[in-house]
>>> print(open('entry.cif').read())   # mmCIF, C-alpha atoms
data_work
loop_
_atom_site.group_PDB
_atom_site.id
_atom_site.type_symbol
_atom_site.label_atom_id
_atom_site.label_comp_id
_atom_site.auth_asym_id
_atom_site.auth_seq_id
_atom_site.Cartn_x
_atom_site.Cartn_y
_atom_site.Cartn_z
ATOM 1 C CA MET A 1 -21.759 -14.649 1.601
ATOM 2 C CA LYS A 2 -20.273 -13.184 -1.581
ATOM 3 C CA TYR A 3 -18.136 -10.059 -1.345
ATOM 4 C CA TYR A 4 -17.631 -7.434 -4.025
ATOM 5 C CA ASP A 5 -15.096 -4.662 -4.556
ATOM 6 C CA ILE A 6 -16.917 -2.291 -6.861
ATOM 7 C CA LEU A 7 -14.624 0.683 -7.442
ATOM 8 C CA VAL A 8 -11.443 -0.989 -8.586
ATOM 9 C CA ASP A 9 -9.449 -0.530 -11.786
ATOM 10 C CA PRO A 10 -10.774 -2.969 -14.455
ATOM 11 C CA LYS A 11 -7.265 -4.362 -15.057
ATOM 12 C CA PHE A 12 -7.375 -5.993 -11.592
ATOM 13 C CA GLU A 13 -10.605 -7.909 -12.159
ATOM 14 C CA GLY A 14 -8.815 -11.250 -12.359
ATOM 15 C CA VAL A 15 -6.601 -10.474 -9.370
ATOM 16 C CA ILE A 16 -9.384 -9.509 -6.933
ATOM 17 C CA GLU A 17 -11.087 -12.869 -7.470
ATOM 18 C CA ARG A 18 -7.961 -14.517 -6.031
ATOM 19 C CA LEU A 19 -8.230 -12.233 -3.012
ATOM 20 C CA GLY A 20 -11.712 -13.516 -2.118
ATOM 21 C CA TYR A 21 -14.056 -11.239 -4.053
ATOM 22 C CA SER A 22 -16.767 -12.352 -6.483
ATOM 23 C CA LYS A 23 -17.166 -11.106 -10.013
ATOM 24 C CA LEU A 24 -19.491 -8.116 -10.201
ATOM 25 C CA GLY A 25 -20.675 -8.879 -13.735
ATOM 26 C CA VAL A 26 -21.870 -5.319 -14.324
ATOM 27 C CA GLY A 27 -20.129 -2.295 -15.838
ATOM 28 C CA ILE A 28 -19.384 0.770 -13.731
ATOM 29 C CA GLN A 29 -19.440 4.407 -14.817
ATOM 30 C CA VAL A 30 -17.807 6.960 -12.495
ATOM 31 C CA LEU A 31 -18.583 10.610 -13.206
ATOM 32 C CA ASP A 32 -17.079 13.777 -11.855
ATOM 33 C CA SER A 33 -19.329 16.142 -9.902
ATOM 34 C CA ASN A 34 -19.320 18.542 -12.901
ATOM 35 C CA GLU A 35 -20.661 15.870 -15.248
ATOM 36 C CA ILE A 36 -24.022 15.119 -13.634
ATOM 37 C CA ASP A 37 -25.900 16.562 -16.611
ATOM 38 C CA MET A 38 -24.287 14.009 -18.919
ATOM 39 C CA ALA A 39 -26.211 11.051 -20.256
ATOM 40 C CA TYR A 40 -26.229 8.170 -17.790
ATOM 41 C CA ALA A 41 -25.609 4.663 -19.092
ATOM 42 C CA ARG A 42 -28.631 2.625 -18.009
ATOM 43 C CA ASP A 43 -26.856 -0.697 -18.475
ATOM 44 C CA LYS A 44 -24.114 0.234 -15.961
ATOM 45 C CA LEU A 45 -23.922 1.256 -12.348
ATOM 46 C CA VAL A 46 -23.404 5.028 -12.237
ATOM 47 C CA PHE A 47 -21.498 6.638 -9.386
ATOM 48 C CA VAL A 48 -20.686 10.307 -9.021
ATOM 49 C CA LYS A 49 -17.702 11.685 -7.106
ATOM 50 C CA SER A 50 -18.681 14.047 -4.348
ATOM 51 C CA SER A 51 -17.934 17.754 -4.533
ATOM 52 C CA ASN A 52 -17.079 19.935 -1.538
ATOM 53 C CA SER A 53 -20.265 21.948 -1.957
ATOM 54 C CA LEU A 54 -23.411 20.890 -0.132
ATOM 55 C CA GLU A 55 -25.669 22.345 -2.829
ATOM 56 C CA LYS A 56 -23.908 20.453 -5.600
ATOM 57 C CA ASN A 57 -24.105 17.217 -3.651
ATOM 58 C CA ARG A 58 -27.852 17.657 -3.223
ATOM 59 C CA ARG A 59 -28.121 17.982 -7.009
ATOM 60 C CA ILE A 60 -26.046 14.812 -7.361
ATOM 61 C CA LEU A 61 -28.374 12.959 -5.006
ATOM 62 C CA LYS A 62 -31.426 14.142 -6.969
ATOM 63 C CA SER A 63 -29.931 12.889 -10.243
ATOM 64 C CA PRO A 64 -30.532 9.283 -11.350
ATOM 65 C CA CYS A 65 -27.181 7.972 -10.055
ATOM 66 C CA ASP A 66 -26.647 4.836 -7.992
ATOM 67 C CA GLY A 67 -24.259 6.305 -5.468
ATOM 68 C CA ILE A 68 -22.119 9.210 -4.339
ATOM 69 C CA VAL A 69 -18.429 8.534 -3.745
ATOM 70 C CA ASP A 70 -16.558 9.812 -0.651
ATOM 71 C CA PRO A 71 -18.729 12.721 0.532
ATOM 72 C CA VAL A 72 -16.247 13.447 3.324
ATOM 73 C CA PHE A 73 -13.242 15.786 3.494
ATOM 74 C CA PRO A 74 -10.962 16.512 6.454
ATOM 75 C CA ARG A 75 -12.401 19.993 6.910
ATOM 76 C CA LEU A 76 -15.942 19.322 5.734
ATOM 77 C CA LEU A 77 -18.758 16.822 5.863
ATOM 78 C CA ALA A 78 -20.328 17.382 2.456
ATOM 79 C CA LEU A 79 -23.692 15.801 3.289
ATOM 80 C CA ASP A 80 -26.078 16.973 5.971
ATOM 81 C CA TYR A 81 -29.188 15.347 7.417
ATOM 82 C CA PRO A 82 -31.667 16.773 4.816
ATOM 83 C CA ALA A 83 -29.317 15.557 2.046
ATOM 84 C CA MET A 84 -29.545 12.081 3.564
ATOM 85 C CA THR A 85 -33.337 12.299 3.244
ATOM 86 C CA ILE A 86 -32.952 13.125 -0.462
ATOM 87 C CA ALA A 87 -30.563 10.167 -0.844
ATOM 88 C CA LYS A 88 -33.084 7.892 0.880
ATOM 89 C CA ASP A 89 -35.960 9.073 -1.360
ATOM 90 C CA ASN A 90 -33.900 8.521 -4.531
ATOM 91 C CA ASP A 91 -32.382 5.221 -3.385
ATOM 92 C CA CYS A 92 -28.839 6.587 -3.647
ATOM 93 C CA SER A 93 -25.990 4.792 -1.852
ATOM 94 C CA ILE A 94 -22.960 6.258 -0.108
ATOM 95 C CA ILE A 95 -19.636 4.794 -1.225
ATOM 96 C CA LEU A 96 -16.606 5.024 1.076
ATOM 97 C CA THR A 97 -13.151 4.150 -0.285
ATOM 98 C CA LEU A 98 -10.157 2.992 1.721
ATOM 99 C CA SER A 99 -7.753 4.651 -0.740
ATOM 100 C CA ASN A 100 -9.201 8.033 0.239
ATOM 101 C CA LEU A 101 -8.206 7.400 3.864
ATOM 102 C CA GLU A 102 -4.667 6.526 2.761
ATOM 103 C CA LYS A 103 -4.317 9.950 1.094
ATOM 104 C CA TYR A 104 -4.278 11.765 4.435
ATOM 105 C CA THR A 105 -1.872 11.570 7.358
ATOM 106 C CA GLY A 106 -1.694 12.856 10.898
ATOM 107 C CA ILE A 107 -4.323 15.317 12.028
ATOM 108 C CA GLN A 108 -6.001 15.400 8.605
ATOM 109 C CA ARG A 109 -6.566 11.657 8.776
ATOM 110 C CA ALA A 110 -7.968 11.974 12.303
ATOM 111 C CA ASN A 111 -10.388 14.693 11.161
ATOM 112 C CA TYR A 112 -11.380 12.657 8.124
ATOM 113 C CA LEU A 113 -12.071 9.604 10.292
ATOM 114 C CA SER A 114 -14.166 11.509 12.794
ATOM 115 C CA ARG A 115 -16.336 13.043 10.044
ATOM 116 C CA THR A 116 -16.698 9.674 8.332
ATOM 117 C CA ARG A 117 -17.840 8.137 11.614
ATOM 118 C CA LEU A 118 -20.477 10.851 11.903
ATOM 119 C CA LEU A 119 -21.579 10.196 8.327
ATOM 120 C CA VAL A 120 -21.937 6.476 9.004
ATOM 121 C CA LYS A 121 -23.933 7.233 12.161
ATOM 122 C CA MET A 122 -26.350 9.476 10.250
ATOM 123 C CA ALA A 123 -26.623 6.973 7.404
ATOM 124 C CA THR A 124 -27.427 4.169 9.856
ATOM 125 C CA LYS A 125 -30.108 6.309 11.474
ATOM 126 C CA LYS A 126 -31.654 7.072 8.081
ATOM 127 C CA ARG A 127 -31.257 3.421 6.982
ATOM 128 C CA LEU A 128 -29.169 4.498 4.003
ATOM 129 C CA ARG A 129 -27.068 2.022 2.090
ATOM 130 C CA VAL A 130 -23.338 2.432 2.764
ATOM 131 C CA ILE A 131 -20.918 0.542 0.539
ATOM 132 C CA LEU A 132 -17.244 0.032 1.330
ATOM 133 C CA THR A 133 -14.624 -0.419 -1.357
ATOM 134 C CA THR A 134 -10.874 -0.168 -1.806
ATOM 135 C CA GLY A 135 -10.989 2.276 -4.736
ATOM 136 C CA ALA A 136 -7.717 0.727 -5.899
ATOM 137 C CA SER A 137 -6.038 2.367 -8.878
ATOM 138 C CA SER A 138 -2.686 0.556 -8.393
ATOM 139 C CA GLU A 139 -1.717 -2.943 -7.244
ATOM 140 C CA PHE A 140 -0.396 -1.529 -3.954
ATOM 141 C CA GLN A 141 -3.899 -0.386 -2.982
ATOM 142 C CA LEU A 142 -5.579 -3.783 -3.312
ATOM 143 C CA ARG A 143 -7.038 -5.086 -0.060
ATOM 144 C CA THR A 144 -8.806 -8.275 1.041
ATOM 145 C CA PRO A 145 -12.417 -8.469 2.345
ATOM 146 C CA ILE A 146 -11.111 -8.855 5.924
ATOM 147 C CA GLN A 147 -9.462 -5.443 5.665
ATOM 148 C CA LEU A 148 -12.607 -3.771 4.307
ATOM 149 C CA ILE A 149 -14.701 -5.306 7.082
ATOM 150 C CA SER A 150 -12.235 -3.983 9.691
ATOM 151 C CA PHE A 151 -12.458 -0.565 8.013
ATOM 152 C CA GLY A 152 -16.219 -0.644 8.459
ATOM 153 C CA LYS A 153 -15.952 -1.690 12.106
ATOM 154 C CA VAL A 154 -13.490 1.094 12.895
ATOM 155 C CA LEU A 155 -15.996 3.538 11.341
ATOM 156 C CA GLY A 156 -18.603 2.409 13.874
ATOM 157 C CA MET A 157 -20.453 -0.341 12.013
ATOM 158 C CA THR A 158 -21.204 -3.683 13.602
ATOM 159 C CA ASP A 159 -19.732 -6.870 12.177
ATOM 160 C CA SER A 160 -22.930 -7.700 10.257
ATOM 161 C CA GLN A 161 -23.314 -4.141 8.915
ATOM 162 C CA ALA A 162 -19.724 -4.125 7.643
ATOM 163 C CA LYS A 163 -20.186 -7.497 5.903
ATOM 164 C CA ARG A 164 -23.457 -6.285 4.398
ATOM 165 C CA ALA A 165 -21.657 -3.151 3.097
ATOM 166 C CA ILE A 166 -19.415 -5.243 0.848
ATOM 167 C CA GLY A 167 -21.906 -7.994 0.040
ATOM 168 C CA PRO A 168 -25.711 -7.771 -0.032
ATOM 169 C CA ALA A 169 -25.709 -3.957 -0.417
ATOM 170 C CA VAL A 170 -23.780 -4.258 -3.689
ATOM 171 C CA GLU A 171 -26.049 -7.081 -4.870
ATOM 172 C CA HIS A 172 -29.076 -4.874 -4.217
ATOM 173 C CA ILE A 173 -27.855 -2.022 -6.433
ATOM 174 C CA ARG A 174 -26.626 -4.455 -9.067
ATOM 175 C CA ARG A 175 -30.177 -5.774 -9.326
ATOM 176 C CA ARG A 176 -31.330 -2.473 -10.876
ATOM 177 C CA VAL A 177 -29.100 -3.043 -13.917
ATOM 178 C CA TYR A 178 -30.284 -6.646 -14.260
ATOM 179 C CA ASP A 179 -33.959 -5.614 -13.960
ATOM 180 C CA THR A 180 -33.447 -2.881 -16.576
ATOM 181 C CA ALA A 181 -31.721 -5.320 -18.932
ATOM 182 C CA ASN A 182 -34.464 -7.953 -18.453
ATOM 183 C CA SER A 183 -37.348 -5.498 -18.919
ATOM 184 C CA GLU A 184 -35.797 -4.221 -22.162
ATOM 185 C CA SER A 185 -35.344 -7.752 -23.523
ATOM 186 C CA MET B 1 2.393 -16.417 36.636
ATOM 187 C CA ILE B 2 -0.792 -14.747 35.353
ATOM 188 C CA PRO B 3 -4.204 -16.140 36.452
ATOM 189 C CA PRO B 4 -6.254 -17.564 33.537
ATOM 190 C CA THR B 5 -8.956 -14.895 33.909
ATOM 191 C CA LEU B 6 -6.395 -12.144 33.328
ATOM 192 C CA LYS B 7 -4.796 -13.894 30.385
ATOM 193 C CA VAL B 8 -4.667 -11.827 27.194
ATOM 194 C CA ASN B 9 -6.410 -13.484 24.238
ATOM 195 C CA LYS B 10 -4.178 -13.271 21.194
ATOM 196 C CA ARG B 11 -5.013 -13.348 17.509
ATOM 197 C CA TYR B 12 -2.518 -14.157 14.756
ATOM 198 C CA ILE B 13 -2.821 -12.258 11.493
ATOM 199 C CA ALA B 14 -1.493 -13.778 8.267
ATOM 200 C CA PHE B 15 -0.249 -11.102 5.876
ATOM 201 C CA ARG B 16 1.515 -10.703 2.567
ATOM 202 C CA ILE B 17 3.605 -7.771 1.366
ATOM 203 C CA ILE B 18 3.000 -6.469 -2.170
ATOM 204 C CA ALA B 19 6.083 -4.720 -3.472
ATOM 205 C CA LYS B 20 8.472 -4.604 -6.406
ATOM 206 C CA GLN B 21 11.494 -5.581 -4.298
ATOM 207 C CA VAL B 22 12.237 -7.839 -1.360
ATOM 208 C CA PHE B 23 12.243 -6.410 2.150
ATOM 209 C CA THR B 24 13.869 -7.850 5.268
ATOM 210 C CA GLU B 25 11.978 -8.658 8.446
ATOM 211 C CA LYS B 26 13.459 -5.646 10.193
ATOM 212 C CA GLN B 27 12.298 -3.258 7.470
ATOM 213 C CA VAL B 28 8.771 -4.698 7.431
ATOM 214 C CA LEU B 29 8.534 -4.632 11.228
ATOM 215 C CA GLN B 30 9.682 -1.019 11.358
ATOM 216 C CA ALA B 31 7.090 0.077 8.772
ATOM 217 C CA MET B 32 4.270 -1.786 10.490
ATOM 218 C CA ARG B 33 5.201 -0.473 13.928
ATOM 219 C CA GLN B 34 5.270 3.072 12.601
ATOM 220 C CA SER B 35 1.835 2.654 11.046
ATOM 221 C CA VAL B 36 0.296 1.152 14.191
ATOM 222 C CA LEU B 37 1.896 3.843 16.351
ATOM 223 C CA SER B 38 0.635 6.700 14.177
ATOM 224 C CA PHE B 39 -2.885 5.271 13.804
ATOM 225 C CA ALA B 40 -3.569 3.792 17.232
ATOM 226 C CA GLY B 41 -1.237 5.966 19.300
ATOM 227 C CA GLU B 42 1.079 4.899 22.105
ATOM 228 C CA ASP B 43 -1.744 3.698 24.317
ATOM 229 C CA GLY B 44 -3.353 1.760 21.467
ATOM 230 C CA TYR B 45 -0.037 0.152 20.555
ATOM 231 C CA ALA B 46 0.514 -0.849 24.169
ATOM 232 C CA CYS B 47 -2.977 -2.371 24.478
ATOM 233 C CA SER B 48 -2.591 -4.301 21.214
ATOM 234 C CA ASN B 49 0.614 -6.148 22.151
ATOM 235 C CA PHE B 50 1.542 -5.980 18.457
ATOM 236 C CA ASP B 51 4.496 -7.911 17.066
ATOM 237 C CA VAL B 52 5.566 -9.851 13.951
ATOM 238 C CA VAL B 53 5.914 -13.482 14.967
ATOM 239 C CA TYR B 54 7.038 -15.080 11.697
ATOM 240 C CA TYR B 55 8.317 -13.695 8.381
ATOM 241 C CA ASP B 56 9.414 -15.464 5.206
ATOM 242 C CA GLN B 57 11.619 -13.083 3.237
ATOM 243 C CA GLU B 58 11.588 -15.110 0.030
ATOM 244 C CA ASN B 59 7.789 -15.073 -0.370
ATOM 245 C CA MET B 60 7.282 -11.897 1.684
ATOM 246 C CA VAL B 61 4.585 -13.457 3.856
ATOM 247 C CA GLY B 62 4.358 -13.442 7.615
ATOM 248 C CA VAL B 63 2.281 -13.715 10.754
ATOM 249 C CA ALA B 64 1.660 -10.838 13.143
ATOM 250 C CA ARG B 65 0.155 -10.915 16.602
ATOM 251 C CA ALA B 66 -2.428 -8.695 18.291
ATOM 252 C CA THR B 67 -5.007 -8.944 21.052
ATOM 253 C CA ASP B 68 -8.592 -9.816 20.134
ATOM 254 C CA SER B 69 -10.016 -6.543 21.460
ATOM 255 C CA THR B 70 -7.771 -4.378 19.247
ATOM 256 C CA LEU B 71 -7.832 -6.635 16.186
ATOM 257 C CA ASP B 72 -9.798 -4.318 13.883
ATOM 258 C CA THR B 73 -7.621 -1.324 14.708
ATOM 259 C CA ILE B 74 -4.450 -3.301 14.025
ATOM 260 C CA ILE B 75 -5.791 -4.713 10.753
ATOM 261 C CA LEU B 76 -6.712 -1.212 9.564
ATOM 262 C CA SER B 77 -3.313 0.141 10.688
ATOM 263 C CA LEU B 78 -1.569 -2.550 8.645
ATOM 264 C CA SER B 79 -3.847 -1.783 5.676
ATOM 265 C CA LEU B 80 -2.671 1.848 5.801
ATOM 266 C CA VAL B 81 0.986 0.901 5.239
ATOM 267 C CA ASP B 82 1.731 2.404 1.818
ATOM 268 C CA ASN B 83 5.529 2.425 1.783
ATOM 269 C CA ILE B 84 8.457 0.555 3.319
ATOM 270 C CA GLN B 85 11.774 2.373 3.482
ATOM 271 C CA GLY B 86 10.437 5.014 1.097
ATOM 272 C CA ARG B 87 9.402 2.515 -1.602
ATOM 273 C CA ARG B 88 5.783 1.771 -2.589
ATOM 274 C CA ALA B 89 4.350 -1.306 -0.882
ATOM 275 C CA GLY B 90 1.049 -2.688 0.354
ATOM 276 C CA VAL B 91 -0.044 -5.192 2.978
ATOM 277 C CA LEU B 92 -2.690 -7.845 2.276
ATOM 278 C CA ILE B 93 -4.304 -9.556 5.277
ATOM 279 C CA THR B 94 -5.114 -13.084 4.164
ATOM 280 C CA GLY B 95 -6.437 -14.550 7.399
ATOM 281 C CA VAL B 96 -6.865 -14.328 11.162
ATOM 282 C CA SER B 97 -6.585 -17.230 13.585
ATOM 283 C CA GLY B 98 -6.232 -18.034 17.265
ATOM 284 C CA THR B 99 -3.096 -20.131 16.783
ATOM 285 C CA VAL B 100 0.127 -19.603 14.864
ATOM 286 C CA LYS B 101 -0.141 -22.991 13.148
ATOM 287 C CA LYS B 102 -3.548 -22.276 11.575
ATOM 288 C CA ALA B 103 -2.485 -18.760 10.625
ATOM 289 C CA MET B 104 0.484 -20.237 8.731
ATOM 290 C CA ARG B 105 -1.998 -22.296 6.666
ATOM 291 C CA LYS B 106 -3.692 -19.073 5.567
ATOM 292 C CA LEU B 107 -0.514 -17.529 4.166
ATOM 293 C CA LEU B 108 -0.878 -16.523 0.517
ATOM 294 C CA LYS B 109 2.395 -17.673 -0.988
ATOM 295 C CA GLU B 110 1.229 -17.853 -4.600
ATOM 296 C CA ASN B 111 1.860 -14.889 -6.871
ATOM 297 C CA ILE B 112 -1.567 -13.321 -7.381
ATOM 298 C CA PHE B 113 -0.210 -11.141 -10.188
ATOM 299 C CA LYS B 114 0.630 -14.159 -12.405
ATOM 300 C CA GLY B 115 1.634 -12.934 -15.812
ATOM 301 C CA ASP B 116 2.094 -9.393 -14.474
ATOM 302 C CA THR B 117 5.510 -7.745 -14.091
ATOM 303 C CA THR B 118 4.744 -6.426 -10.600
ATOM 304 C CA GLN B 119 6.248 -9.333 -8.648
#
>>> encode(input="entry.cif", output="structure tokens")
Amino acid sequence: MKYYDILVDPKFEGVIERLGYSKLGVGIQVLDSNEIDMAYARDKLVFVKSSNSLEKNRRILKSPCDGIVDPVFPRLLALDYPAMTIAKDNDCSIILTLSNLEKYTGIQRANYLSRTRLLVKMATKKRLRVILTTGASSEFQLRTPIQLISFGKVLGMTDSQAKRAIGPAVEHIRRRVYDTANSES
Amino acid sequence: MIPPTLKVNKRYIAFRIIAKQVFTEKQVLQAMRQSVLSFAGEDGYACSNFDVVYYDQENMVGVARATDSTLDTIILSLSLVDNIQGRRAGVLITGVSGTVKKAMRKLLKENIFKGDTTQ
């Protein structure tokens, strides 16, 4: 099975292949929650960072993006069950980064973990695609596939679900860019 | 003498430290213990039987031990180590095995940042 780390700084592309990841082969565009009205690059995977407003996140899920990044905060779960239905209808994935967990300590981290577990539970019930990534912006945040799989299992996924979250789930969303490129040519 | 049915099944975790300077075994062990203690708690630490079994200071690679039932918690605890003695560092888990010998084969001694000034 091939593993991918999608949200990592482009300067580490050569390094992550030595850690056990495969080359994604597709460009990534990450937008802020205020930029959802911008033009979306159709030849790249487009992800939007979550806001802490439920209404804004629903707008993000209705937009033609491929995924929403980290819709969890220590004091707030920024997606509810109806928002999951919107995500399912629009084929939008949920991206969870390990670097976001490292930001918090103590009770904040515990709250963040408990809300993330609830999010994963709801996403599994709705059969939503959850993707795990390191979100590394520095070399100290790089992690191997074993660590991402353990992250998924601690969040309540099974072994196969966690492996799918860093493998076939990414291949599925990558296919949209390939299909778009092939249909245009 | 413990009966075989009550024997604890151990797993050995091969890891590598990413940092800009060299750390001793004591410093690495202290940072890892602190991370496991804060993430898993006292009871979790006790159930995991965590310890660093082997450490090579020159290459900054080593082998840690945990029980098989708490393996994922320990791996995530080690992943959350972001500093050692106040300096930025990271832990890469390169392999898991049931024996120390096989875990040593999975150690990542090569410099993955070849051509980079990080290490």
>>> closest_atom_pairs(input="entry.cif", of="chain B", to="chain A", cutoff="8 Å", atoms="only C-alpha atoms", output="CSV")
residue,atom,partner,partner_atom,distance
B:Ile18,CA,A:Phe140,CA,6.3
B:Ala19,CA,A:Phe140,CA,7.2
B:Ser38,CA,A:Gly106,CA,7.4
B:Asp72,CA,A:Ser150,CA,4.9
B:Thr73,CA,A:Val154,CA,6.6
B:Ile75,CA,A:Gln147,CA,6.3
B:Leu76,CA,A:Phe151,CA,6.0
B:Ser79,CA,A:Gln147,CA,6.7
B:Leu80,CA,A:Glu102,CA,5.9
B:Asp82,CA,A:Phe140,CA,7.3
B:Arg88,CA,A:Phe140,CA,7.1
B:Ala89,CA,A:Phe140,CA,5.7
B:Gly90,CA,A:Phe140,CA,4.7
B:Val91,CA,A:Arg143,CA,7.6
B:Leu92,CA,A:Arg143,CA,5.7
B:Ile93,CA,A:Thr144,CA,6.3
B:Thr94,CA,A:Thr144,CA,6.8
B:Gly95,CA,A:Ile146,CA,7.5
B:Ile112,CA,A:Val15,CA,6.1
B:Phe113,CA,A:Val15,CA,6.5
>>> write_last_selection(input="entry.cif", atoms="C-alpha atoms", output="CSV table (one decimal), keeping the file's coordinate frame")
chain,number,residue,atom,x,y,z
B,18,ILE,CA,3.0,-6.5,-2.2
B,19,ALA,CA,6.1,-4.7,-3.5
B,38,SER,CA,0.6,6.7,14.2
B,72,ASP,CA,-9.8,-4.3,13.9
B,73,THR,CA,-7.6,-1.3,14.7
B,75,ILE,CA,-5.8,-4.7,10.8
B,76,LEU,CA,-6.7,-1.2,9.6
B,79,SER,CA,-3.8,-1.8,5.7
B,80,LEU,CA,-2.7,1.8,5.8
B,82,ASP,CA,1.7,2.4,1.8
B,88,ARG,CA,5.8,1.8,-2.6
B,89,ALA,CA,4.4,-1.3,-0.9
B,90,GLY,CA,1.0,-2.7,0.4
B,91,VAL,CA,0.0,-5.2,3.0
B,92,LEU,CA,-2.7,-7.8,2.3
B,93,ILE,CA,-4.3,-9.6,5.3
B,94,THR,CA,-5.1,-13.1,4.2
B,95,GLY,CA,-6.4,-14.6,7.4
B,112,ILE,CA,-1.6,-13.3,-7.4
B,113,PHE,CA,-0.2,-11.1,-10.2
>>> residues_near_point(input="entry.cif", point="(-2.4, -8.6, 23.7)", cutoff="8 Å", atoms="all atoms listed in the file", output="PyMOL selection string")
chain B and resi 8-10+47-50+65-68
>>> closest_residue(input="entry.cif", among="B:Gln21, B:Asn83, B:Thr99, B:Ser77", to="B:Val36", atoms="all atoms listed in the file")
B:Ser77
>>> resolve_selection(input="entry.cif", expression="the PyMOL selection byres ((chain B and resi 58) around 10)", output="count of residues only")
10
>>> residues_around(input="entry.cif", residues="A:Val130", least_positions_apart="5", cutoff="6 Å", atoms="all atoms listed in the file", output="VMD selection string")
chain A and resid 93 to 95 165
>>> resolve_selection(input="entry.cif", expression="the PyMOL selection byres ((chain A and resi 171) around 12)", output="list in words")
Met1, Lys2, Tyr3, Tyr4, Asp5, Ile6, Ser22, Lys23, Leu24, Gly25, Val26, Leu45, Arg129, Ile131, Arg164, Ala165, Ile166, Gly167, Pro168, Ala169, Val170, His172, Ile173, Arg174, Arg175, Arg176, Val177 and Tyr178 of chain A
>>> write_last_selection(input="entry.cif", atoms="C-alpha atoms", output="JSON list (two decimals), in the coordinates of the input")
[["chain", "number", "residue", "atom", "x", "y", "z"],
["A", 1, "MET", "CA", -21.76, -14.65, 1.60],
["A", 2, "LYS", "CA", -20.27, -13.18, -1.58],
["A", 3, "TYR", "CA", -18.14, -10.06, -1.34],
["A", 4, "TYR", "CA", -17.63, -7.43, -4.03],
["A", 5, "ASP", "CA", -15.10, -4.66, -4.56],
["A", 6, "ILE", "CA", -16.92, -2.29, -6.86],
["A", 22, "SER", "CA", -16.77, -12.35, -6.48],
["A", 23, "LYS", "CA", -17.17, -11.11, -10.01],
["A", 24, "LEU", "CA", -19.49, -8.12, -10.20],
["A", 25, "GLY", "CA", -20.68, -8.88, -13.74],
["A", 26, "VAL", "CA", -21.87, -5.32, -14.32],
["A", 45, "LEU", "CA", -23.92, 1.26, -12.35],
["A", 129, "ARG", "CA", -27.07, 2.02, 2.09],
["A", 131, "ILE", "CA", -20.92, 0.54, 0.54],
["A", 164, "ARG", "CA", -23.46, -6.28, 4.40],
["A", 165, "ALA", "CA", -21.66, -3.15, 3.10],
["A", 166, "ILE", "CA", -19.42, -5.24, 0.85],
["A", 167, "GLY", "CA", -21.91, -7.99, 0.04],
["A", 168, "PRO", "CA", -25.71, -7.77, -0.03],
["A", 169, "ALA", "CA", -25.71, -3.96, -0.42],
["A", 170, "VAL", "CA", -23.78, -4.26, -3.69],
["A", 172, "HIS", "CA", -29.08, -4.87, -4.22],
["A", 173, "ILE", "CA", -27.86, -2.02, -6.43],
["A", 174, "ARG", "CA", -26.63, -4.46, -9.07],
["A", 175, "ARG", "CA", -30.18, -5.77, -9.33],
["A", 176, "ARG", "CA", -31.33, -2.47, -10.88],
["A", 177, "VAL", "CA", -29.10, -3.04, -13.92],
["A", 178, "TYR", "CA", -30.28, -6.65, -14.26]]
>>> atom_distance(input="entry.cif", atom1="atom CA of A:Lys121", atom2="atom CA of A:Ser53")
20.7 Å
>>> closest_residue(input="entry.cif", among="A:Ile107, A:Ala123, A:Ala83, A:Leu54", to="A:Ser33", atoms="all atoms listed in the file")
A:Leu54
>>> atom_distance(input="entry.cif", atom1="atom CA of A:Thr97", atom2="atom CA of B:Gln85")
25.3 Å
>>> residues_around(input="entry.cif", residues="B:Lys101", least_positions_apart="5", cutoff="10 Å", atoms="only C-alpha atoms", output="mmCIF file with C-alpha atoms, keeping the file's coordinate frame")
data_model
loop_
_atom_site.group_PDB
_atom_site.id
_atom_site.type_symbol
_atom_site.label_atom_id
_atom_site.label_comp_id
_atom_site.auth_asym_id
_atom_site.auth_seq_id
_atom_site.Cartn_x
_atom_site.Cartn_y
_atom_site.Cartn_z
ATOM 1 C CA TYR B 12 -2.518 -14.157 14.756
ATOM 2 C CA VAL B 63 2.281 -13.715 10.754
ATOM 3 C CA LYS B 106 -3.692 -19.073 5.567
#
>>> closest_residue(input="entry.cif", among="B:Ala40, B:Lys26, B:Arg33, B:Ala64", to="B:Gly98", atoms="all atoms listed in the file")
B:Ala64
>>> atom_distance(input="entry.cif", atom1="atom CA of B:Phe39", atom2="atom CA of A:Lys49")
26.4 Å
>>> resolve_selection(input="entry.cif", expression="the PyMOL selection byres ((chain A and resi 82) around 12)", output="number ranges by chain")
A: 54-55, 57-58, 61, 78-81, 83-89, 122-123, 126
>>> axis_aligned_box(input="entry.cif", around="stretch 6-13 of chain A", padding_each_side="8 Å", output="JSON")
{"center_x": -12.1, "center_y": -3.6, "center_z": -11.0, "size_x": 25.7, "size_y": 24.6, "size_z": 24.2}
>>> closest_residue(input="entry.cif", among="B:Met32, B:Thr5, B:Glu25, B:Lys20", to="B:Tyr45", atoms="only C-alpha atoms")
B:Met32
